[in-house]
Every structure is written in C-alpha cells, then in structure tokens.
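To be precise, the following lines are work25.cif, and they hold mmCIF, C-alpha atoms.
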data_model
#
loop_
_atom_site.label_atom_id
_atom_site.label_comp_id
_atom_site.auth_asym_id
_atom_site.auth_seq_id
_atom_site.Cartn_x
_atom_site.Cartn_y
_atom_site.Cartn_z
CA MET R 15 0.99 5.31 11.11
CA ALA R 16 2.47 6.01 14.48
CA ALA R 17 3.80 9.50 15.07
CA GLY R 18 7.43 9.80 14.10
CA VAL R 19 7.44 6.64 11.96
CA ASP R 20 8.79 7.07 8.46
CA PRO R 21 6.49 5.04 6.17
CA ASN R 22 9.10 4.99 3.43
CA ALA R 23 11.65 3.36 5.71
CA PHE R 24 9.21 0.52 6.33
CA LEU R 25 8.22 0.28 2.67
CA GLU R 26 11.83 0.26 1.49
CA SER R 27 12.57 -2.70 3.75
CA LEU R 28 9.88 -4.72 1.97
CA PRO R 29 9.66 -7.22 0.35
CA VAL R 30 13.30 -8.14 0.73
CA ASP R 31 12.90 -9.37 4.30
CA VAL R 32 9.20 -9.08 5.11
CA GLU R 33 9.40 -11.53 8.02
CA ALA R 34 12.08 -9.47 9.80
CA VAL R 35 10.00 -6.29 9.81
CA GLU R 36 7.29 -5.71 12.36
CA PRO R 37 4.43 -3.60 10.96
CA ASP R 38 3.54 -0.53 12.98
CA GLY R 39 0.07 0.73 12.08
CA ASP R 40 -2.55 0.16 9.43
CA ASP R 41 -0.44 1.38 6.50
CA GLU R 42 2.31 -1.09 7.21
CA GLU R 43 -0.14 -3.92 7.94
CA ASN R 44 -1.80 -3.29 4.57
CA VAL R 45 1.53 -3.35 2.73
CA LYS R 46 2.58 -6.54 4.47
CA ALA R 47 -0.77 -8.18 3.61
CA LEU R 48 -0.32 -7.20 -0.05
CA ILE R 49 3.20 -8.59 -0.21
CA ASP R 50 2.17 -11.78 1.59
CA SER R 51 -0.57 -12.27 -1.03
CA LEU R 52 1.86 -12.23 -3.97
CA ASN R 53 3.23 -15.61 -4.95
CA GLY R 54 5.89 -14.68 -7.49
CA GLU R 55 9.30 -13.04 -7.36
CA LYS R 56 9.21 -9.63 -5.66
CA ARG R 57 11.73 -6.88 -6.35
CA ALA R 58 11.78 -3.56 -4.52
CA GLU R 59 13.12 -0.08 -5.27
CA ILE R 60 14.03 -0.53 -8.94
CA ASP R 61 15.37 2.40 -10.94
CA ALA R 62 13.39 2.87 -14.15
CA PHE R 63 14.48 5.16 -16.97
CA LEU R 64 12.63 5.67 -20.24
CA PRO R 65 14.52 7.33 -23.11
CA LEU R 66 12.26 9.20 -25.53
CA SER R 67 12.87 11.20 -28.65
CA VAL R 68 10.94 14.46 -28.35
CA ASP R 69 11.08 16.85 -31.30
CA GLY R 70 14.47 15.52 -32.33
CA GLU R 71 15.96 15.67 -28.84
CA ARG R 72 16.70 12.70 -26.63
CA VAL R 73 15.02 12.99 -23.24
CA THR R 74 15.09 10.49 -20.40
CA ILE R 75 12.37 10.38 -17.78
CA GLY R 76 12.40 8.05 -14.85
CA GLY R 77 11.81 7.21 -11.25
CA VAL R 78 11.86 4.32 -8.81
CA ILE R 79 9.44 1.40 -8.98
CA ASP R 80 8.34 0.57 -5.42
CA LEU R 81 7.52 -3.07 -6.13
CA LEU R 82 7.77 -5.31 -9.19
CA HIS R 83 5.99 -8.66 -8.87
CA LEU R 84 7.07 -11.20 -11.46
CA THR R 85 5.42 -14.48 -12.39
CA PRO R 86 6.22 -16.57 -15.47
CA ASP R 87 3.60 -14.73 -17.55
CA ARG R 88 3.06 -11.40 -15.72
CA ALA R 89 4.98 -8.34 -14.56
CA GLU R 90 2.99 -6.26 -12.05
CA ILE R 91 4.14 -2.81 -11.04
CA VAL R 92 2.89 -1.57 -7.67
CA ASP R 93 3.40 1.99 -6.47
CA TYR R 94 2.74 2.69 -2.79
CA LYS R 95 0.89 5.88 -1.88
CA THR R 96 0.13 7.05 1.65
CA ASP R 97 -2.45 9.63 0.54
CA LEU R 98 -5.75 9.90 2.39
CA THR R 99 -7.54 10.99 -0.80
CA ARG R 100 -7.39 10.11 -4.49
CA HIS R 101 -6.94 13.70 -5.71
CA ALA R 102 -3.47 13.12 -7.20
CA GLU R 103 -4.31 9.89 -9.00
CA ALA R 104 -4.05 11.44 -12.49
CA GLU R 105 -0.47 12.49 -11.73
CA TYR R 106 0.36 9.03 -10.40
CA GLU R 107 -0.96 7.51 -13.63
CA LYS R 108 1.61 9.54 -15.55
CA GLN R 109 4.39 8.29 -13.27
CA LEU R 110 3.24 4.68 -13.54
CA SER R 111 2.97 4.97 -17.32
CA VAL R 112 6.72 5.60 -17.46
CA TYR R 113 7.34 2.51 -15.31
CA TYR R 114 4.92 0.51 -17.46
CA ARG R 115 6.81 1.33 -20.67
CA VAL R 116 10.17 0.48 -19.06
CA VAL R 117 8.96 -2.86 -17.72
CA GLU R 118 7.24 -3.65 -21.01
CA GLY R 119 10.60 -3.20 -22.76
CA VAL R 120 12.50 -5.35 -20.26
CA HIS R 121 9.87 -8.11 -20.08
CA PRO R 122 8.29 -8.27 -23.57
CA ASP R 123 7.23 -11.87 -22.98
CA ARG R 124 5.03 -10.97 -19.99
CA GLU R 125 1.70 -9.22 -19.62
CA VAL R 126 2.44 -5.94 -17.84
CA SER R 127 0.10 -4.16 -15.43
CA ALA R 128 0.54 -1.16 -13.14
CA SER R 129 -1.38 -0.28 -10.02
CA ILE R 130 -1.46 2.22 -7.21
CA PHE R 131 -1.64 0.70 -3.73
CA TYR R 132 -3.11 3.09 -1.18
CA THR R 133 -1.50 2.03 2.07
CA ARG R 134 -4.02 3.74 4.33
CA ASP R 135 -6.98 1.56 3.31
CA GLY R 136 -5.28 -1.25 1.38
CA GLU R 137 -7.02 -0.40 -1.89
CA ARG R 138 -5.20 -1.35 -5.08
CA ARG R 139 -6.26 0.45 -8.26
CA GLU R 140 -5.00 -0.63 -11.64
CA ILE R 141 -4.23 2.18 -14.05
CA GLU R 142 -4.48 2.53 -17.81
CA SER R 143 -1.02 3.30 -19.13
CA LEU R 144 -0.38 6.23 -21.42
CA ASP R 145 1.33 5.33 -24.69
CA GLU R 146 4.71 6.78 -25.68
CA ASP R 147 3.15 9.51 -27.84
CA GLU R 148 1.11 10.71 -24.84
CA LEU R 149 4.25 10.68 -22.71
CA ARG R 150 6.07 12.74 -25.35
CA ASP R 151 3.20 15.27 -25.27
CA LEU R 152 3.56 15.49 -21.48
CA VAL R 153 7.28 16.18 -21.83
CA ARG R 154 6.56 18.91 -24.37
CA THR R 155 3.96 20.50 -22.09
CA HIS R 156 6.25 20.32 -19.08
CA CYS R 157 9.16 21.92 -20.96
CA GLU R 158 7.16 24.89 -22.29
#

Would you give me this structure, written as structure tokens?
Amino acid sequence: MAAGVDPNAFLESLPVDVEAVEPDGDDEENVKALIDSLNGEKRAEIDAFLPLSVDGERVTIGGVIDLLHLTPDRAEIVDYKTDLTRHAEAEYEKQLSVYYRVVEGVHPDREVSASIFYTRDGERREIESLDEDELRDLVRTHCE
C-alpha cells in the first residue's frame, strides 16, 4: 500500500461502489479482484452479535463482518487481513467462528463458510468454525 493510505478506508468503500474506487497498491488490487470474482449479493461492514449463555450468565460477543457474499444456496463470510504473516491466524479463526454462528442463525437455509482474505498476496483461506461450546470455553478462559 502506498505510504499514508488507510487500507481500511479503501476496504470499507467496497463492495458498495467498487467501480467508483480506484485501487492504490497490491492490497487494494487484490481486494478488488476478489470482489469482482463474486457473482452474488455482496454486503459490507455488517455488525454481528452472538448471544451465549455461559455458566448461567448471558454474554454477547461480536464484531463487524467485512464482507458477506450471498448466493441462493451459500453465505460466505470474508474477513480482510493486511498481515504480512499468518502468525495470528488462530485468533482470526476465533473471530470468524463468531461471525459464522451469527450468519448460520440468520441464513439457516444456506451453506455457510468463513474465510480469511490476506490482502497483501490475495490468498483466501477457509477456516473451520468453532462450535458454540468451544466459544463458551473461550469466553470462560478470557474472563478468568
């Protein structure tokens, strides 16, 4: 990315008006190529909140889905990462597992998948989602 360019500003403008945005650098070119390759409905920056019952207490965990790609039979979650390495991938899998469970609840008639899209090299890696019991265990661990 060019010096001084905020990658999130570019990413947040996509895919709403991808034609109006001029990519500046490899990261942005890779994101644009990904979005151009998707043929379904694309939604950006979606709030996602997952309520869980943990040891009798109600806890809500959440975040923002970067991109949700919808087709008649699929719901694909894509999370953009600008990392140069894959060292934080295990943490990202936890984050995407929350999104996965939220989308699964909203779109029970669709096959749900979640992936990390590394903007630097254009690699997209699908993740295995944690189940709700594993997410509860993470909440317990984090609150100790």

Axis-aligned box for all listed atoms of stretch 46-55 of chain R, 8 Å per side, centre and edges in Å to one decimal, as AutoDock Vina command-line options:
--center_x 4.3 --center_y -11.1 --center_z -1.5 --size_x 26.1 --size_y 25.1 --size_z 28.0

Just so the selection is clear, what residues does the PyMOL selection byres ((chain R and resi 94) around 6) cover here, as a PyMOL selection string? chain R and resi 93+95+131

Output the residue selection produced by the PyMOL selection byres ((chain R and resi 92) around 8) on the file above, formatted as a ChimeraX atom specification. /R:79-83,90-91,93-94,128-131

So the first atom is atom CA of R:Arg138 and the second is atom CA of R:Ala62; what is the distance between them in Å, to one decimal place? 21.1 Å

Non-local contacts of R:Asp87 (9 Å; all atoms listed in the file; under 2 positions in same chain excluded) as a VMD selection string: chain R and resid 84 to 85 89 123 to 126

Tell me, as an NGL selection string, which residues lie within 10 Å of R:Arg150, counting only C-alpha atoms; anything in the same chain fewer than 2 positions away does not count. :R and (66-69 or 73 or 144-148 or 152-156)

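Going from atom CA of R:His121 over to atom CA of R:Glu71, you cover 26.1 Å.
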